[in-house]
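As stored in my_file.cif (mmCIF, C-alpha atoms and all ligand atoms):
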```cif
data_my_file
#
loop_
_atom_site.label_atom_id
_atom_site.label_comp_id
_atom_site.auth_asym_id
_atom_site.auth_seq_id
_atom_site.Cartn_x
_atom_site.Cartn_y
_atom_site.Cartn_z
CA MET A 1 -1.97 26.27 -39.63
CA ALA A 2 -1.04 28.55 -36.69
CA THR A 3 2.10 30.65 -37.11
CA GLY A 4 1.45 33.19 -34.34
CA LEU A 5 -1.04 36.02 -34.11
CA GLY A 6 -0.29 39.15 -36.12
CA THR A 7 -2.09 42.40 -35.31
CA VAL A 8 -2.90 44.71 -38.18
CA ARG A 9 -4.26 48.23 -37.85
CA ASN A 10 -5.10 49.31 -41.37
CA VAL A 11 -7.10 48.06 -44.31
CA ALA A 12 -4.15 47.96 -46.73
CA GLU A 13 -2.17 45.69 -44.39
CA LEU A 14 -5.24 43.49 -43.83
CA ARG A 15 -5.75 43.12 -47.57
CA SER A 16 -2.13 42.23 -48.24
CA LEU A 17 -2.09 39.68 -45.39
CA ILE A 18 -5.23 38.02 -46.74
CA ALA A 19 -3.96 38.19 -50.34
CA GLY A 20 -0.87 36.27 -49.16
CA TRP A 21 -3.07 33.56 -47.66
CA ARG A 22 -5.22 33.42 -50.78
CA GLY A 23 -2.09 33.16 -52.91
CA GLN A 24 -1.29 29.94 -51.06
CA GLY A 25 -4.80 28.67 -51.78
CA GLN A 26 -5.91 29.03 -48.15
CA SER A 27 -9.49 29.67 -47.05
CA VAL A 28 -10.26 32.56 -44.70
CA GLY A 29 -12.75 32.92 -41.83
CA LEU A 30 -13.60 36.28 -40.27
CA VAL A 31 -14.89 36.79 -36.72
CA PRO A 32 -16.10 40.36 -36.08
CA THR A 33 -16.12 41.44 -32.41
CA MET A 34 -15.99 44.50 -30.18
CA GLY A 35 -13.42 42.88 -27.90
CA ALA A 36 -13.60 42.08 -24.17
CA LEU A 37 -13.55 38.54 -25.46
CA HIS A 38 -15.20 35.67 -23.59
CA GLU A 39 -16.19 32.06 -24.25
CA GLY A 40 -19.03 33.23 -26.53
CA HIS A 41 -16.51 34.91 -28.85
CA PHE A 42 -14.09 31.99 -28.49
CA SER A 43 -16.76 29.59 -29.76
CA LEU A 44 -16.96 31.64 -32.97
CA VAL A 45 -13.16 31.64 -33.29
CA ARG A 46 -13.04 27.87 -32.79
CA ALA A 47 -15.73 27.36 -35.44
CA SER A 48 -13.73 29.48 -37.86
CA LEU A 49 -10.49 27.64 -37.05
CA THR A 50 -12.25 24.32 -37.68
CA ASN A 51 -13.73 25.41 -41.02
CA ASN A 52 -10.94 27.53 -42.47
CA ASP A 53 -7.18 27.48 -43.06
CA ARG A 54 -6.86 31.01 -41.64
CA THR A 55 -8.87 32.95 -39.10
CA CYS A 56 -8.90 36.70 -38.70
CA VAL A 57 -10.66 38.20 -35.67
CA THR A 58 -11.64 41.85 -35.78
CA LEU A 59 -11.75 44.11 -32.73
CA PHE A 60 -13.50 47.38 -33.32
CA ILE A 61 -15.77 49.20 -30.89
CA ASN A 62 -17.91 50.74 -33.57
CA PRO A 63 -18.94 54.25 -32.50
CA LYS A 64 -21.71 54.30 -35.14
CA GLN A 65 -23.71 51.63 -33.35
CA PHE A 66 -23.85 53.43 -30.00
CA GLY A 67 -26.67 55.91 -29.47
CA GLU A 68 -26.50 59.07 -27.43
CA GLY A 69 -26.39 58.22 -23.72
CA GLU A 70 -25.25 54.65 -24.42
CA ASP A 71 -22.05 53.07 -23.10
CA LEU A 72 -19.48 53.84 -25.83
CA GLY A 73 -17.19 55.53 -23.30
CA THR A 74 -17.35 52.77 -20.70
CA TYR A 75 -17.58 49.69 -22.96
CA PRO A 76 -15.02 47.17 -21.60
CA ARG A 77 -11.67 47.28 -23.39
CA ASP A 78 -8.67 44.97 -22.87
CA GLU A 79 -6.78 44.45 -26.11
CA ALA A 80 -3.79 42.85 -24.36
CA ALA A 81 -5.96 40.14 -22.76
CA ASP A 82 -7.87 39.66 -26.03
CA THR A 83 -4.60 39.25 -27.96
CA ALA A 84 -3.26 36.72 -25.46
CA ALA A 85 -6.49 34.70 -25.61
CA LEU A 86 -6.53 34.69 -29.42
CA GLU A 87 -2.90 33.59 -29.48
CA ARG A 88 -3.76 30.68 -27.20
CA LEU A 89 -6.68 29.71 -29.43
CA GLY A 90 -4.46 29.77 -32.52
CA ALA A 91 -6.10 32.61 -34.48
CA ASP A 92 -3.90 33.95 -37.28
CA ALA A 93 -4.62 37.67 -37.22
CA LEU A 94 -6.29 40.41 -35.22
CA PHE A 95 -7.56 43.37 -37.19
CA ALA A 96 -7.88 46.22 -34.69
CA PRO A 97 -8.29 49.48 -36.59
CA ALA A 98 -8.67 52.94 -35.05
CA ALA A 99 -11.99 54.72 -35.64
CA VAL A 100 -10.34 57.07 -38.14
CA GLU A 101 -9.20 54.10 -40.24
CA MET A 102 -12.77 52.80 -40.48
CA TYR A 103 -14.39 56.22 -40.84
CA PRO A 104 -11.86 58.62 -42.32
CA GLU A 105 -12.65 62.33 -42.55
CA GLY A 106 -15.42 62.84 -45.08
CA SER A 107 -16.76 59.29 -44.98
CA ALA A 108 -20.50 59.54 -45.61
CA THR A 109 -21.89 56.21 -46.81
CA SER A 110 -24.00 54.02 -44.58
CA VAL A 111 -25.89 50.76 -45.02
CA SER A 112 -29.44 50.41 -43.73
CA VAL A 113 -31.67 47.37 -43.65
CA PRO A 114 -35.19 48.77 -43.36
CA GLY A 115 -37.79 46.43 -41.91
CA LEU A 116 -35.51 43.91 -40.20
CA GLY A 117 -33.38 46.71 -38.81
CA ASP A 118 -36.24 48.90 -37.57
CA MET A 119 -38.13 46.51 -35.30
CA LEU A 120 -37.29 45.13 -31.79
CA GLU A 121 -33.72 46.30 -31.03
CA GLY A 122 -34.02 48.87 -33.83
CA GLU A 123 -37.09 50.37 -32.21
CA PHE A 124 -35.42 50.80 -28.83
CA ARG A 125 -31.99 51.71 -30.22
CA PRO A 126 -32.68 53.93 -33.25
CA GLY A 127 -29.74 53.90 -35.68
CA PHE A 128 -28.18 50.85 -34.04
CA PHE A 129 -28.58 48.49 -36.99
CA THR A 130 -27.47 51.10 -39.51
CA GLY A 131 -24.25 51.32 -37.46
CA VAL A 132 -23.96 47.53 -37.33
CA ALA A 133 -24.83 47.01 -41.01
CA THR A 134 -22.37 49.70 -42.10
CA VAL A 135 -19.43 48.33 -40.11
CA VAL A 136 -20.14 44.68 -40.97
CA THR A 137 -20.43 45.55 -44.69
CA LYS A 138 -17.12 47.39 -44.50
CA LEU A 139 -15.39 44.52 -42.69
CA LEU A 140 -16.74 41.97 -45.17
CA ILE A 141 -15.62 44.04 -48.16
CA GLN A 142 -12.23 44.77 -46.57
CA ALA A 143 -11.45 41.11 -45.84
CA LEU A 144 -13.65 39.28 -48.40
CA PRO A 145 -13.57 36.13 -46.25
CA ASP A 146 -14.99 32.78 -47.36
CA GLN A 147 -17.01 32.65 -44.16
CA ALA A 148 -17.93 35.11 -41.41
CA PHE A 149 -19.09 33.95 -37.98
CA PHE A 150 -21.85 35.55 -35.92
CA GLY A 151 -23.43 34.49 -32.64
CA GLU A 152 -27.13 33.74 -32.22
CA LYS A 153 -26.78 35.75 -29.00
CA ASP A 154 -27.43 38.78 -31.20
CA TYR A 155 -30.11 37.03 -33.20
CA GLN A 156 -31.60 40.06 -34.93
CA GLN A 157 -28.10 41.20 -35.88
CA LEU A 158 -27.53 37.82 -37.49
CA CYS A 159 -30.74 38.26 -39.53
CA VAL A 160 -29.68 41.78 -40.57
CA VAL A 161 -26.20 40.56 -41.59
CA ARG A 162 -27.65 37.69 -43.64
CA ARG A 163 -29.95 40.13 -45.40
CA LEU A 164 -27.23 42.63 -46.26
CA ALA A 165 -24.81 39.95 -47.46
CA THR A 166 -27.51 38.58 -49.78
CA ASP A 167 -28.73 41.98 -50.95
CA LEU A 168 -25.25 43.37 -51.63
CA ASN A 169 -23.98 40.14 -53.27
CA ILE A 170 -21.14 39.84 -50.77
CA PRO A 171 -19.51 36.48 -51.57
CA THR A 172 -19.15 35.40 -47.93
CA GLU A 173 -21.05 32.60 -46.25
CA ILE A 174 -22.62 33.83 -43.01
CA ILE A 175 -22.32 31.16 -40.32
CA ALA A 176 -24.50 31.25 -37.18
CA CYS A 177 -23.06 29.92 -33.91
CA PRO A 178 -25.18 28.87 -30.90
CA ILE A 179 -25.41 30.98 -27.74
CA VAL A 180 -22.84 30.16 -25.07
CA ARG A 181 -24.36 30.42 -21.59
CA GLU A 182 -23.24 30.32 -17.97
CA ASP A 183 -24.36 27.24 -16.01
CA ASP A 184 -27.34 29.18 -14.66
CA GLY A 185 -28.54 30.07 -18.17
CA LEU A 186 -27.28 33.66 -18.44
CA ALA A 187 -25.98 34.28 -21.97
CA LEU A 188 -22.34 35.36 -21.92
CA SER A 189 -21.95 39.03 -22.84
CA SER A 190 -19.22 41.63 -22.47
CA ARG A 191 -21.86 43.79 -20.76
CA ASN A 192 -22.36 41.23 -17.95
CA ALA A 193 -19.26 42.85 -16.43
CA TYR A 194 -21.49 45.81 -15.53
CA LEU A 195 -23.67 43.70 -13.21
CA SER A 196 -23.31 44.03 -9.45
CA PHE A 197 -23.27 40.85 -7.35
CA ASP A 198 -27.02 41.09 -6.68
CA GLU A 199 -27.86 41.98 -10.28
CA ARG A 200 -25.80 39.04 -11.53
CA ARG A 201 -27.83 36.72 -9.29
CA LEU A 202 -31.15 37.74 -10.81
CA ALA A 203 -29.90 38.11 -14.40
CA PRO A 204 -30.65 34.45 -15.40
CA SER A 205 -34.39 35.14 -14.88
CA LEU A 206 -34.46 36.63 -18.38
CA HIS A 207 -33.41 33.31 -19.92
CA ALA A 208 -35.67 31.36 -17.54
CA ALA A 209 -38.73 33.44 -18.49
CA LEU A 210 -38.01 33.10 -22.23
CA ALA A 211 -37.59 29.33 -21.84
CA ALA A 212 -40.86 29.06 -19.90
CA ALA A 213 -42.72 31.09 -22.54
CA ALA A 214 -41.21 29.00 -25.35
CA ALA A 215 -42.44 25.83 -23.61
CA GLN A 216 -45.92 27.32 -23.20
CA VAL A 217 -46.12 28.16 -26.92
CA VAL A 218 -45.00 24.64 -27.81
CA ALA A 219 -47.77 23.35 -25.50
CA GLY A 220 -50.32 25.41 -27.45
CA ALA A 221 -50.47 28.76 -25.58
CA ASP A 222 -51.21 31.92 -27.51
CA PRO A 223 -47.84 33.62 -28.28
CA SER A 224 -48.92 37.04 -27.00
CA ASP A 225 -50.23 35.55 -23.72
CA ALA A 226 -46.97 33.65 -23.24
CA ALA A 227 -44.95 36.81 -23.97
CA GLU A 228 -47.03 38.78 -21.46
CA LEU A 229 -46.48 36.16 -18.75
CA ALA A 230 -42.73 36.19 -19.44
CA LYS A 231 -42.68 39.96 -19.11
CA ARG A 232 -44.44 39.76 -15.76
CA ALA A 233 -42.07 37.04 -14.51
CA ILE A 234 -39.03 39.14 -15.45
CA LEU A 235 -40.35 42.19 -13.62
CA GLU A 236 -41.29 40.10 -10.58
CA ALA A 237 -37.75 38.65 -10.53
CA GLY A 238 -36.41 42.17 -10.02
CA PHE A 239 -35.64 43.58 -13.47
CA GLY A 240 -36.51 47.29 -13.63
CA LYS A 241 -37.94 47.47 -17.15
CA VAL A 242 -38.72 45.18 -20.06
CA ASP A 243 -38.21 46.76 -23.49
CA TYR A 244 -39.85 43.87 -25.33
CA ILE A 245 -40.61 40.17 -25.28
CA ALA A 246 -41.53 39.06 -28.79
CA ILE A 247 -42.30 35.76 -30.45
CA ARG A 248 -41.44 35.96 -34.12
CA ASP A 249 -40.81 34.03 -37.30
CA SER A 250 -37.15 33.09 -37.08
CA ASP A 251 -36.20 34.42 -40.54
CA SER A 252 -38.39 37.45 -41.21
CA LEU A 253 -38.80 38.35 -37.51
CA GLN A 254 -42.42 39.16 -38.34
CA PRO A 255 -45.00 38.32 -35.63
CA LEU A 256 -45.64 34.60 -35.50
CA VAL A 257 -48.78 33.48 -37.28
CA LYS A 258 -48.47 29.74 -36.84
CA LEU A 259 -45.98 27.61 -34.92
CA ASP A 260 -44.31 25.65 -37.70
CA GLY A 261 -40.83 25.04 -36.29
CA ARG A 262 -39.36 28.37 -37.39
CA ALA A 263 -40.09 30.56 -34.39
CA ARG A 264 -37.88 32.53 -32.03
CA ILE A 265 -38.59 34.28 -28.75
CA LEU A 266 -36.53 37.41 -28.21
CA GLY A 267 -36.31 39.73 -25.23
CA ALA A 268 -34.56 42.81 -23.89
CA ALA A 269 -34.75 44.03 -20.31
CA TRP A 270 -32.96 46.28 -17.87
CA ILE A 271 -31.39 45.45 -14.54
CA GLY A 272 -30.39 48.73 -13.00
CA LYS A 273 -28.34 50.53 -15.65
CA THR A 274 -27.54 47.37 -17.62
CA ARG A 275 -29.58 46.28 -20.61
CA LEU A 276 -29.54 42.53 -21.35
CA ILE A 277 -30.82 40.76 -24.45
CA ASP A 278 -31.45 37.08 -25.01
CA ASN A 279 -33.38 34.77 -27.33
CA LEU A 280 -34.26 31.14 -27.86
CA SER A 281 -35.48 28.96 -30.66
CA ILE A 282 -39.03 27.64 -30.24
CA THR A 283 -39.27 24.17 -31.68
CA GLY A 284 -42.85 23.09 -32.27
P1 LIG B 1 -19.73 41.60 -29.63
O1 LIG B 1 -18.29 41.67 -29.28
O2 LIG B 1 -20.65 41.66 -28.47
O3 LIG B 1 -20.10 42.56 -30.74
O4 LIG B 1 -19.97 40.15 -30.24
C1 LIG B 1 -19.21 39.69 -31.32
C2 LIG B 1 -19.81 38.40 -31.82
O5 LIG B 1 -19.80 37.43 -30.77
C3 LIG B 1 -21.27 38.56 -32.26
O6 LIG B 1 -21.48 37.78 -33.44
C4 LIG B 1 -22.02 38.01 -31.09
O7 LIG B 1 -23.30 37.51 -31.42
C5 LIG B 1 -21.10 36.90 -30.63
N1 LIG B 1 -21.37 36.55 -29.23
C6 LIG B 1 -21.37 37.37 -28.16
N2 LIG B 1 -21.75 36.71 -27.04
C7 LIG B 1 -22.02 35.44 -27.43
C8 LIG B 1 -22.48 34.27 -26.75
N3 LIG B 1 -22.75 34.28 -25.45
N4 LIG B 1 -22.64 33.14 -27.46
C9 LIG B 1 -22.39 33.12 -28.80
N5 LIG B 1 -21.95 34.19 -29.50
C10 LIG B 1 -21.78 35.33 -28.83
#
```

I need this file expressed as structure tokens, please.
Amino acid sequence: MATGLGTVRNVAELRSLIAGWRGQGQSVGLVPTMGALHEGHFSLVRASLTNNDRTCVTLFINPKQFGEGEDLGTYPRDEAADTAALERLGADALFAPAAVEMYPEGSATSVSVPGLGDMLEGEFRPGFFTGVATVVTKLLIQALPDQAFFGEKDYQQLCVVRRLATDLNIPTEIIACPIVREDDGLALSSRNAYLSFDERRLAPSLHAALAAAAAQVVAGADPSDAAELAKRAILEAGFGKVDYIAIRDSDSLQPLVKLDGRARILGAAWIGKTRLIDNLSITG
């Protein structure tokens, strides 16, 4: 279905492009990203290309999801490389709006998902999920895709997006894609570019500790003991700080009561100035 990648910058153009596709009876997949694309993003694009006649990737570094002191100013940006990669993959469109297009003067409405959006990441990054939920809601309403693709890498984000799509009756199927990892287990992330050579070497310990804790829980260990051991292992490996290691129900993200095959271990920790997150399914 590929006819070359078109880049659109405003909502009106996006809508008319998608209306044209719809007019030909074609299905549409949307892949929201903040750019600096890597194999993790590409896996979402490939899933969309497989499932849909047309695929639109969005590139928007959403200022509303960065807190004060976070890395909005230094977040990696390379639209030319992203465009070339998407062309090679066969995506149909890149929607790359300016901040003023997404949040014009006077814009005041935001979307919050209390509960799911307040815990874990939400606790350590206040306002983060309101920023995410607002931009994702806008993108879904702007494009009204049949499907939208999100990575399990940002597992809590996936839960928040599912919740908002259900609650706001957005007629888009939310599709989860598995985490793409380096050979040593480190989950691919645009922020891995911040890691020094030495930091990069110890970064996989986060995944290793989560995997060890997941195995302990499967073997019958108490979830909070396993989480505590994982935290210690991460600090011993050389991480500076652990924000949280949590074992939760995989849908509600509430603390796990009983291992019944729907559990997830999630963690966030700092190496130097870089904050990494990761998670794994715990299959009992
Ligand atoms: P980002 O550009 O970091 O906002 O990510 C855009 C989308 O790509 C989100 O749905 C992420 O969960 C997903 N993503 C990022 N890294 C990975 C990865 N390593 N594996 C799978 N999906 C990913």

Practice item. Go through A:Pro32, A:Gly122, A:Gly117, A:Gly20 and flag the residue nearest ligand LIG 1 (chain B), using only C-alpha atoms and all ligand atoms for the distances. Key: A:Pro32

Practice item. For stretch 260-269 of chain A, please output as a list in words all residues within 6 Å (counting only C-alpha atoms; exclusion window: fewer than 4 positions along the same chain). Key: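 In the requested form, the answer reads Lys241, Val242, Asp243, Tyr244, Ile245, Ala246, Ile247, Arg248, Asp249, Ser250, Arg275, Leu276, Ile277, Asp278, Asn279, Leu280, Ser281, Ile282, Thr283 and Gly284 of chain A.
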
**Study point:** From A:Val100, A:Ile179, A:Leu44, A:Leu89, residue lying nearest ligand LIG 1 (chain B) [all atoms listed in the file]
**Key:**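 Answer, going by the shortest atom-to-atom distance: A:Ile179.
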
Review point. So how far away is atom CA of A:Thr166 from atom CA of A:Thr55, in Å?
Key: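 Pair atom CA of A:Thr55 / atom CA of A:Thr166 returns 22.2 Å.
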
Check your understanding: Can I get the residues close to ligand LIG 1 (chain B) as an MDAnalysis selection string, where close means within 9 Å and we count all atoms listed in the file?
Key -> chainID A and resid 31:44 59:62 149:155 157:158 176:182 186:191

Practice item. Within 7 Å of A:His207, counting all atoms listed in the file, which residues show up once you throw out same-chain ones fewer than 2 positions away? Write them as a count of residues only, please. Key: 8
